[in-house]
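A short worksheet on the structure shown next.
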Amino acid sequence: MNKLFSLFAIIILLPIYYSCTTISKTEHLIPETTNGENSVDIKVPQTVPDQQELLLTFAGDIMAHTVNFTMNNYSLIYEDISNILLSDSLSFANMETPVHNGRPYETYPTFNVQQPYALAAINAGFDVFSLANNHTNDQDAEGIDMTAQFFAEQPVYAAGIKQNPDSTLSYQLIDKDGWKILFVAVTEILNSFHDIERIDYIPPTQTGRDAFRSQLELLRKENPCDLFIVSIHTNEAEYIPDIQPQRREFYYSLLDSGVDIIWANHPHIAKEWEVITDHQTGTKNKLIMYALGNTISGQRTNPNLQNPGANRDYTGDGYLIQVRFIKQTAMPEFSISSIPPTITEVKPMLITTYITPEQNYVIKLLNEQFIHTLRTEQRSEYADYFTQRMQLMHQIGEKNICR
């Protein structure tokens with residue numbers, strides 16, 4: 001009898017096991033939903049609970065090189081993607097420069113922009129900003145203060161700069177469309193260590209990461225939420241697409257500490273992303289984005305038309321990744337549903353920094369329509385270049401991982 005029961009269990013579990021171990025690269029994740037009933041210590045309603053959706057868009061680094069901030073109209077930068085950013089629930093970006101209105105615009109190695117440059121990103125539809133990166137203290141303590149003050153005065157959310165130097169981590173608790181989202185932004189790398197007490201800095205050491213995991217566990221416990229999103233500005237080599245095993249394992253440990261989405265940046269090129277399936281429930285409920293590249297920058301000032309695959313040319317392309325979640329509506333006596341949210345769609349949109357004939361650096365959706373427009377404008381050299389860039393970028397893709 002025991003043998004028959006074991007055989008029956010194996011037959012049932014084999015499809016789940018093999019569905020969790022496949023790895024594929026796709027542009028769209030086919031929705032996978034479940035109506036399974038989990039045993040929970042609450043009263044089960046007599047009717048099927050309603051579902052609520054949440055659509056999040058994640059971008060990469062917003063840079064500010066000379067060719068970017070010498071434009072006359074910053075709204076042109078985001079014209080091609082603004083409709084995407086304005087039609088979702090929340091859009092996330094890393095602002096990789098201080099915002100200090102009392103100092104001039106400044107490019108690498110110590111950045112600064114004035115408010116109009118940052119306002120263009122906000123007006124385009126970005127709602128949530130990471131302020132923790134290796135350029136956060138480029139304009140010293142005054143720049144940190146001015147940046148924090150600017151974002152505090154806008155109708156947006158931002159994390160990564162501490163108001164109280166003695167606090168552990170800054171964070172935002174966001175209420176949006178019936179969802180509660182906990183957001184933390186940290187950096188593992190700084191170009192200088194002055195005023196470090198104002199920045200959410202995590203030393204990239206075993207001790208530092210152990211302490212960080214403990215802080216995340218405590219934050220989640222103290223702030224019940226539907227989703228916990230962590231932005232990490234990584235201590236890793238720029239322009240290198242490889243993902244080190246140690247980094248992958250570190251991120252997995254953060255997921256085990258209560259994090260739902262890891263949104264990483266710094267290399268200035270895009271890397272793969274992983275959708276995590278819970279091996280017990282078979283539902284997709286966690287996501288790791290290892291790097292989304294530059295959203296806008298001036299690092300590709302001379303596209304290599306003869307060799308589109310040159311390393312530096314990857315700095316001109318990136319991804320917007322849209323993630324759609326559903327959750328069961330919480331019962332009246334609970335603010336947070338007892339059933340974890342499920343990822344129903346992951347939609348990557350390839351973007352590129354395009355230099356117009358007027359020498360404006362703008363974001364374009366890198367697709368067939370854009371390439372067709374270039375041909376009609378008799379920019380066939382650029383059409384050929386971007387055709388090859390699109391093919392190269394599509395080799396970066398999604399992995400489905402079961403844990």
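Naming scheme: A, B, ... for chains in displayed order of the structure tokens; residues 1 onward per chain; ligands 1 onward as shown.
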
List every residue of region 266-312 of chain A that has an atom at most 10 Å from any atom of region 350-355 of chain A, giving for each one its closest atom pair and the distance in Å to one decimal, counting only C-alpha atoms, sorted by chain and then by ascending residue number, as CSV.
residue,atom,partner,partner_atom,distance
A:Ala270,CA,A:Leu350,CA,9.9
A:Leu292,CA,A:Leu350,CA,9.8
A:Gly293,CA,A:Ile351,CA,9.6
A:Asn294,CA,A:Thr353,CA,8.4
A:Thr295,CA,A:Ile351,CA,7.5
A:Ile296,CA,A:Thr353,CA,6.1
A:Ser297,CA,A:Thr353,CA,7.2
A:Gly298,CA,A:Thr353,CA,8.2
A:Gln299,CA,A:Thr353,CA,9.4
A:Arg300,CA,A:Thr353,CA,8.0
A:Thr301,CA,A:Ile355,CA,8.0
A:Asn302,CA,A:Ile355,CA,9.3
A:Pro303,CA,A:Ile355,CA,9.3

For region 218-234 of chain A: contacts at 9 Å, only C-alpha atoms, fewer than 5 positions along chain excluded, given as a CSV table (one decimal) with all heavy atoms, in the first residue's frame:
chain,number,residue,atom,x,y,z
A,94,ASN,N,16.4,54.7,-11.6
A,94,ASN,CA,17.6,55.1,-10.8
A,94,ASN,C,18.1,56.5,-11.2
A,94,ASN,O,18.5,56.6,-12.4
A,94,ASN,CB,18.7,54.1,-10.9
A,94,ASN,CG,20.0,54.5,-10.2
A,94,ASN,OD1,19.9,54.9,-9.0
A,94,ASN,ND2,21.1,54.5,-10.9
A,130,SER,N,15.2,55.4,-7.1
A,130,SER,CA,16.3,55.1,-6.2
A,130,SER,C,17.3,56.2,-6.3
A,130,SER,O,17.7,56.7,-7.3
A,130,SER,CB,17.0,53.8,-6.7
A,130,SER,OG,18.3,53.7,-6.1
A,132,ALA,N,20.2,56.0,-4.2
A,132,ALA,CA,21.4,55.4,-3.7
A,132,ALA,C,22.3,54.8,-4.8
A,132,ALA,O,21.9,53.8,-5.4
A,132,ALA,CB,21.1,54.3,-2.6
A,133,ASN,N,23.4,55.4,-5.1
A,133,ASN,CA,24.3,54.9,-6.1
A,133,ASN,C,25.7,55.5,-5.8
A,133,ASN,O,25.9,56.3,-4.9
A,133,ASN,CB,23.8,55.2,-7.5
A,133,ASN,CG,23.5,56.7,-7.7
A,133,ASN,OD1,24.3,57.6,-7.7
A,133,ASN,ND2,22.2,57.0,-7.8
A,134,ASN,N,26.6,55.2,-6.7
A,134,ASN,CA,28.0,55.7,-6.5
A,134,ASN,C,28.2,57.1,-6.7
A,134,ASN,O,29.3,57.7,-6.5
A,134,ASN,CB,29.0,54.8,-7.3
A,134,ASN,CG,28.7,54.8,-8.8
A,134,ASN,OD1,27.6,54.5,-9.2
A,134,ASN,ND2,29.7,55.1,-9.6
A,160,GLY,N,16.9,55.9,-0.4
A,160,GLY,CA,18.3,55.7,-0.6
A,160,GLY,C,19.1,56.8,0.1
A,160,GLY,O,20.3,56.7,0.3
A,171,TYR,N,13.3,54.0,3.8
A,171,TYR,CA,12.3,53.2,3.0
A,171,TYR,C,11.1,54.0,2.7
A,171,TYR,O,10.8,55.0,3.4
A,171,TYR,CB,12.0,51.9,3.7
A,171,TYR,CG,11.2,52.1,5.0
A,171,TYR,CD1,9.8,52.1,5.1
A,171,TYR,CD2,11.9,52.2,6.2
A,171,TYR,CE1,9.2,52.2,6.3
A,171,TYR,CE2,11.3,52.3,7.4
A,171,TYR,CZ,9.9,52.3,7.4
A,171,TYR,OH,9.2,52.5,8.6
A,173,LEU,N,6.8,53.3,2.2
A,173,LEU,CA,5.7,52.4,2.2
A,173,LEU,C,4.6,53.1,1.3
A,173,LEU,O,4.1,54.1,1.7
A,173,LEU,CB,5.2,52.2,3.7
A,173,LEU,CG,4.3,51.0,3.9
A,173,LEU,CD1,5.0,49.7,3.5
A,173,LEU,CD2,3.9,51.0,5.4
A,179,TRP,N,-2.9,48.3,-3.2
A,179,TRP,CA,-1.7,47.5,-2.9
A,179,TRP,C,-0.8,48.3,-1.9
A,179,TRP,O,-0.8,49.5,-2.0
A,179,TRP,CB,-0.9,47.2,-4.1
A,179,TRP,CG,-1.6,46.3,-5.1
A,179,TRP,CD1,-2.7,46.5,-5.8
A,179,TRP,CD2,-1.1,44.9,-5.4
A,179,TRP,NE1,-3.0,45.4,-6.6
A,179,TRP,CE2,-2.0,44.4,-6.4
A,179,TRP,CE3,-0.1,44.1,-5.0
A,179,TRP,CZ2,-1.9,43.2,-6.9
A,179,TRP,CZ3,0.1,42.9,-5.6
A,179,TRP,CH2,-0.8,42.4,-6.5
A,180,LYS,N,-0.2,47.6,-1.0
A,180,LYS,CA,0.8,48.2,-0.1
A,180,LYS,C,2.2,47.6,-0.5
A,180,LYS,O,2.4,46.4,-0.5
A,180,LYS,CB,0.5,47.8,1.3
A,180,LYS,CG,1.3,48.7,2.3
A,180,LYS,CD,0.8,48.4,3.7
A,180,LYS,CE,-0.5,49.0,4.0
A,180,LYS,NZ,-0.5,50.5,4.0
A,181,ILE,N,3.1,48.6,-0.9
A,181,ILE,CA,4.4,48.2,-1.4
A,181,ILE,C,5.5,48.8,-0.5
A,181,ILE,O,5.5,50.0,-0.2
A,181,ILE,CB,4.6,48.7,-2.8
A,181,ILE,CG1,3.5,48.2,-3.7
A,181,ILE,CG2,6.0,48.4,-3.4
A,181,ILE,CD1,3.4,48.9,-5.0
A,182,LEU,N,6.4,48.0,0.0
A,182,LEU,CA,7.6,48.4,0.7
A,182,LEU,C,8.8,48.5,-0.2
A,182,LEU,O,9.1,47.6,-0.9
A,182,LEU,CB,7.9,47.4,1.8
A,182,LEU,CG,9.1,47.7,2.8
A,182,LEU,CD1,8.9,49.0,3.5
A,182,LEU,CD2,9.2,46.5,3.8
A,183,PHE,N,9.4,49.7,-0.2
A,183,PHE,CA,10.5,50.0,-1.2
A,183,PHE,C,11.7,50.5,-0.4
A,183,PHE,O,11.7,51.4,0.4
A,183,PHE,CB,10.1,51.1,-2.2
A,183,PHE,CG,11.2,51.5,-3.1
A,183,PHE,CD1,11.8,50.6,-4.0
A,183,PHE,CD2,11.6,52.8,-3.2
A,183,PHE,CE1,12.8,51.0,-4.8
A,183,PHE,CE2,12.6,53.2,-4.0
A,183,PHE,CZ,13.2,52.3,-4.9
A,184,VAL,N,12.9,49.8,-0.7
A,184,VAL,CA,14.2,50.1,-0.2
A,184,VAL,C,15.2,50.3,-1.3
A,184,VAL,O,15.1,49.5,-2.3
A,184,VAL,CB,14.6,49.0,0.8
A,184,VAL,CG1,16.1,49.2,1.1
A,184,VAL,CG2,13.8,49.0,2.1
A,185,ALA,N,16.1,51.2,-1.2
A,185,ALA,CA,17.1,51.4,-2.2
A,185,ALA,C,18.5,51.6,-1.5
A,185,ALA,O,18.6,52.4,-0.6
A,185,ALA,CB,16.8,52.7,-3.1
A,186,VAL,N,19.4,50.7,-1.9
A,186,VAL,CA,20.8,50.7,-1.3
A,186,VAL,C,21.8,50.7,-2.4
A,186,VAL,O,21.6,50.4,-3.5
A,186,VAL,CB,21.0,49.5,-0.4
A,186,VAL,CG1,19.9,49.5,0.7
A,186,VAL,CG2,21.0,48.2,-1.2
A,187,THR,N,23.0,51.1,-2.0
A,187,THR,CA,24.2,51.0,-2.9
A,187,THR,C,25.3,50.2,-2.2
A,187,THR,O,25.5,50.3,-1.0
A,187,THR,CB,24.7,52.3,-3.4
A,187,THR,OG1,25.8,52.1,-4.3
A,187,THR,CG2,25.2,53.2,-2.2
A,188,GLU,N,26.0,49.4,-3.0
A,188,GLU,CA,27.1,48.6,-2.5
A,188,GLU,C,28.4,49.3,-2.8
A,188,GLU,O,29.5,48.9,-2.5
A,188,GLU,CB,27.2,47.2,-3.1
A,188,GLU,CG,26.0,46.3,-2.8
A,188,GLU,CD,26.2,45.0,-3.5
A,188,GLU,OE1,26.6,45.0,-4.7
A,188,GLU,OE2,25.9,44.0,-2.8
A,189,ILE,N,28.4,50.4,-3.6
A,189,ILE,CA,29.6,51.1,-4.1
A,189,ILE,C,29.4,52.6,-4.0
A,189,ILE,O,28.4,53.1,-4.2
A,189,ILE,CB,29.8,50.6,-5.6
A,189,ILE,CG1,31.1,51.2,-6.1
A,189,ILE,CG2,28.6,51.0,-6.5
A,189,ILE,CD1,31.4,50.7,-7.5
A,204,PRO,N,29.9,45.5,0.7
A,204,PRO,CA,29.8,44.2,0.0
A,204,PRO,C,30.7,43.2,0.6
A,204,PRO,O,31.5,42.5,-0.1
A,204,PRO,CB,30.2,44.6,-1.5
A,204,PRO,CG,31.2,45.7,-1.2
A,204,PRO,CD,30.7,46.5,-0.1
A,213,ARG,N,20.5,41.5,5.4
A,213,ARG,CA,19.4,40.5,5.4
A,213,ARG,C,18.6,40.6,6.6
A,213,ARG,O,17.4,40.6,6.6
A,213,ARG,CB,20.0,39.1,5.2
A,213,ARG,CG,20.3,38.7,3.8
A,213,ARG,CD,20.6,37.3,3.7
A,213,ARG,NE,21.9,36.9,4.3
A,213,ARG,CZ,23.1,36.9,3.7
A,213,ARG,NH1,23.1,37.2,2.4
A,213,ARG,NH2,24.2,36.6,4.3
A,257,SER,N,14.7,36.2,2.5
A,257,SER,CA,14.6,37.1,3.7
A,257,SER,C,13.3,37.9,3.6
A,257,SER,O,13.1,38.8,4.4
A,257,SER,CB,15.8,38.0,3.8
A,257,SER,OG,17.0,37.3,4.0
A,258,GLY,N,12.5,37.7,2.6
A,258,GLY,CA,11.2,38.3,2.5
A,258,GLY,C,11.1,39.3,1.3
A,258,GLY,O,10.0,39.9,1.1
A,259,VAL,N,12.1,39.5,0.5
A,259,VAL,CA,12.1,40.3,-0.7
A,259,VAL,C,11.3,39.7,-1.8
A,259,VAL,O,11.5,38.5,-2.0
A,259,VAL,CB,13.5,40.8,-1.1
A,259,VAL,CG1,13.4,41.6,-2.3
A,259,VAL,CG2,14.2,41.5,0.0
A,260,ASP,N,10.5,40.4,-2.6
A,260,ASP,CA,9.8,39.9,-3.7
A,260,ASP,C,10.4,40.2,-5.0
A,260,ASP,O,10.4,39.4,-6.0
A,260,ASP,CB,8.3,40.4,-3.7
A,260,ASP,CG,7.6,39.9,-2.4
A,260,ASP,OD1,7.5,38.7,-2.2
A,260,ASP,OD2,7.1,40.8,-1.7
A,261,ILE,N,10.9,41.5,-5.1
A,261,ILE,CA,11.5,41.9,-6.4
A,261,ILE,C,12.9,42.5,-6.1
A,261,ILE,O,13.0,43.4,-5.2
A,261,ILE,CB,10.7,43.0,-7.1
A,261,ILE,CG1,9.3,42.4,-7.5
A,261,ILE,CG2,11.4,43.5,-8.3
A,261,ILE,CD1,8.4,43.4,-8.1
A,262,ILE,N,13.9,42.1,-6.8
A,262,ILE,CA,15.3,42.7,-6.7
A,262,ILE,C,15.5,43.4,-8.0
A,262,ILE,O,15.5,42.8,-9.1
A,262,ILE,CB,16.4,41.6,-6.4
A,262,ILE,CG1,16.1,41.0,-5.1
A,262,ILE,CG2,17.7,42.3,-6.5
A,262,ILE,CD1,17.1,39.8,-4.8
A,263,TRP,N,15.7,44.7,-7.9
A,263,TRP,CA,15.9,45.5,-9.1
A,263,TRP,C,17.3,46.1,-9.0
A,263,TRP,O,17.6,47.0,-8.2
A,263,TRP,CB,14.8,46.6,-9.1
A,263,TRP,CG,15.0,47.7,-10.0
A,263,TRP,CD1,15.4,47.7,-11.3
A,263,TRP,CD2,14.9,49.1,-9.7
A,263,TRP,NE1,15.4,49.0,-11.9
A,263,TRP,CE2,15.1,49.9,-10.9
A,263,TRP,CE3,14.5,49.8,-8.5
A,263,TRP,CZ2,15.0,51.3,-10.9
A,263,TRP,CZ3,14.4,51.2,-8.6
A,263,TRP,CH2,14.7,51.9,-9.8
A,264,ALA,N,18.3,45.6,-9.7
A,264,ALA,CA,19.7,45.9,-9.6
A,264,ALA,C,20.1,46.7,-10.8
A,264,ALA,O,19.6,46.6,-11.9
A,264,ALA,CB,20.6,44.7,-9.5
A,265,ASN,N,21.1,47.6,-10.6
A,265,ASN,CA,21.7,48.4,-11.6
A,265,ASN,C,23.2,48.7,-11.3
A,265,ASN,O,23.6,48.4,-10.2
A,265,ASN,CB,20.9,49.7,-11.8
A,265,ASN,CG,19.6,49.5,-12.6
A,265,ASN,OD1,19.6,49.1,-13.8
A,265,ASN,ND2,18.5,49.7,-11.9
A,266,HIS,N,23.8,49.4,-12.2
A,266,HIS,CA,25.2,49.9,-12.1
A,266,HIS,C,26.1,49.6,-13.3
A,266,HIS,O,26.8,50.5,-13.7
A,266,HIS,CB,26.0,49.5,-10.9
A,266,HIS,CG,27.4,50.0,-10.8
A,266,HIS,ND1,27.7,51.3,-10.8
A,266,HIS,CD2,28.6,49.3,-10.9
A,266,HIS,CE1,29.0,51.5,-10.8
A,266,HIS,NE2,29.6,50.3,-10.9
A,267,PRO,N,26.0,48.4,-13.9
A,267,PRO,CA,26.9,48.1,-15.0
A,267,PRO,C,26.8,48.9,-16.3
A,267,PRO,O,27.6,48.9,-17.2
A,267,PRO,CB,26.6,46.6,-15.3
A,267,PRO,CG,26.0,46.1,-14.1
A,267,PRO,CD,25.2,47.2,-13.5
A,327,LYS,N,-3.6,39.8,-7.1
A,327,LYS,CA,-3.7,39.3,-5.7
A,327,LYS,C,-5.1,39.1,-5.4
A,327,LYS,O,-6.0,39.7,-6.0
A,327,LYS,CB,-3.0,40.2,-4.7
A,327,LYS,CG,-3.8,41.5,-4.5
A,327,LYS,CD,-3.3,42.3,-3.3
A,327,LYS,CE,-4.1,43.6,-3.1
A,327,LYS,NZ,-3.7,44.3,-1.8
A,335,SER,N,-5.8,43.9,6.2
A,335,SER,CA,-5.3,44.9,5.2
A,335,SER,C,-4.5,44.2,4.1
A,335,SER,O,-4.4,44.8,3.0
A,335,SER,CB,-4.5,46.0,5.9
A,335,SER,OG,-3.4,45.5,6.6
A,336,ILE,N,-3.9,43.1,4.4
A,336,ILE,CA,-3.0,42.4,3.5
A,336,ILE,C,-3.6,41.0,3.3
A,336,ILE,O,-3.9,40.3,4.2
A,336,ILE,CB,-1.6,42.3,4.0
A,336,ILE,CG1,-1.0,43.7,4.3
A,336,ILE,CG2,-0.7,41.6,3.0
A,336,ILE,CD1,-0.9,44.6,3.2
A,337,SER,N,-3.7,40.6,2.0
A,337,SER,CA,-4.2,39.3,1.7
A,337,SER,C,-3.2,38.2,2.2
A,337,SER,O,-2.0,38.4,2.2
A,337,SER,CB,-4.3,39.1,0.2
A,337,SER,OG,-4.7,37.8,-0.1
A,340,PRO,N,-0.1,35.1,-1.2
A,340,PRO,CA,0.9,36.0,-1.9
A,340,PRO,C,0.5,36.3,-3.3
A,340,PRO,O,-0.2,35.5,-4.0
A,340,PRO,CB,2.2,35.1,-1.9
A,340,PRO,CG,1.9,34.1,-0.8
A,340,PRO,CD,0.5,33.8,-0.8
A,341,PRO,N,0.8,37.5,-3.7
A,341,PRO,CA,0.5,37.9,-5.1
A,341,PRO,C,1.2,37.0,-6.1
A,341,PRO,O,2.3,36.4,-5.8
A,341,PRO,CB,1.1,39.4,-5.2
A,341,PRO,CG,1.1,39.8,-3.8
A,341,PRO,CD,1.4,38.6,-3.0

Which of region 104-286 of chain A DSSP labels helix (DSSP H, G or I), written as a PyMOL selection string = chain A and resi 115-124+140-152+196-198+206-222+245-256

inquiry  = Just checking: using only C-alpha atoms, which residue out of A:Lys399, A:Arg375, A:Arg103, A:His194 ends up closest to Asp140 (chain A)?
reply    =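 Of all the options, A:His194 lies closest to Asp140 (chain A).
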
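Nearest to Lys271 (chain A) of all the residues A:Gln115, A:Gln206, A:Gln163, A:Gln244 is A:Gln244, based on only C-alpha atoms.
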
message = From a backbone DSSP assignment, name each residue in region 135-365 of chain A labelled strand (DSSP E or B), as number ranges by chain.
response = A: 157-159, 161, 172-176, 179-187, 199, 201, 227-233, 261-265, 270, 273-277, 284-289, 292-296, 317-328, 342-355, 361-365

request  = Enter the distance from CA of Glu96 (chain A) to CA of Lys347 (chain A), in Å, rounded to one decimal.
outcome  =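 One can read the CA of Glu96 (chain A) to CA of Lys347 (chain A) distance as 24.5 Å.
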
Could you build a table of the residues in region 80-106 of chain A lying no more than 12 Å from region 364-371 of chain A, giving for each the nearest pair of atoms and their separation in Å rounded to one decimal place, using only C-alpha atoms, ordered by chain and ascending residue number, as a tab-separated table?
residue	atom	partner	partner_atom	distance
A:Asp80	CA	A:Lys364	CA	5.7
A:Ile81	CA	A:Leu365	CA	7.2
A:Ser82	CA	A:Lys364	CA	10.6
A:Asn83	CA	A:Leu365	CA	11.7
A:Ile84	CA	A:Leu365	CA	10.6

Let's have the selection written as a short mmCIF file (atom, residue, chain, number, x, y, z; two decimals), in the first residue's frame, with all heavy atoms.
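Written out: selection-v1.cif:
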data_model
loop_
_atom_site.label_atom_id
_atom_site.label_comp_id
_atom_site.auth_asym_id
_atom_site.auth_seq_id
_atom_site.Cartn_x
_atom_site.Cartn_y
_atom_site.Cartn_z
N ASP A 80 8.95 59.27 -26.46
CA ASP A 80 8.56 58.00 -27.07
C ASP A 80 8.08 56.97 -26.05
O ASP A 80 7.45 55.98 -26.43
CB ASP A 80 9.74 57.42 -27.87
CG ASP A 80 9.28 56.49 -28.98
OD1 ASP A 80 8.27 56.81 -29.64
OD2 ASP A 80 9.92 55.44 -29.19
N ILE A 81 8.36 57.18 -24.75
CA ILE A 81 7.98 56.18 -23.74
C ILE A 81 7.03 56.72 -22.69
O ILE A 81 6.56 55.97 -21.84
CB ILE A 81 9.22 55.58 -23.04
CG1 ILE A 81 9.97 56.66 -22.24
CG2 ILE A 81 10.14 54.89 -24.04
CD1 ILE A 81 11.02 56.09 -21.30
N SER A 82 6.72 58.00 -22.75
CA SER A 82 5.90 58.61 -21.71
C SER A 82 4.53 57.96 -21.61
O SER A 82 3.99 57.78 -20.51
CB SER A 82 5.76 60.12 -21.96
OG SER A 82 5.05 60.73 -20.91
N ASN A 83 3.95 57.60 -22.75
CA ASN A 83 2.61 56.97 -22.70
C ASN A 83 2.65 55.65 -21.95
O ASN A 83 1.67 55.27 -21.31
CB ASN A 83 2.07 56.78 -24.11
CG ASN A 83 2.92 55.82 -24.94
OD1 ASN A 83 4.14 55.87 -24.86
ND2 ASN A 83 2.29 54.98 -25.71
N ILE A 84 3.77 54.95 -22.00
CA ILE A 84 3.93 53.69 -21.26
C ILE A 84 4.00 53.98 -19.76
O ILE A 84 3.33 53.34 -18.95
CB ILE A 84 5.19 52.95 -21.73
CG1 ILE A 84 5.06 52.54 -23.19
CG2 ILE A 84 5.47 51.72 -20.85
CD1 ILE A 84 6.36 52.02 -23.80
#

task = Just the residues within 12 Å of Ala310 (chain A), please, counting only C-alpha atoms, with nothing from its chain fewer than 5 positions along; format it as a list in words.
result =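 With the cut-off at 12 Å, the set is Tyr239, Arg300, Asn302, Pro303, Asn304, Leu305, Thr315, Gly316, Tyr385, Gln388, Arg389 and Leu392 of chain A.
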
ask   = Which is closest to Asn68 (chain A) among A:Asn123, A:Arg403, A:Ile363, A:Ser167, if we use only C-alpha atoms?
value =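 Smallest separation from Asn68 (chain A) among the options: A:Ile363.
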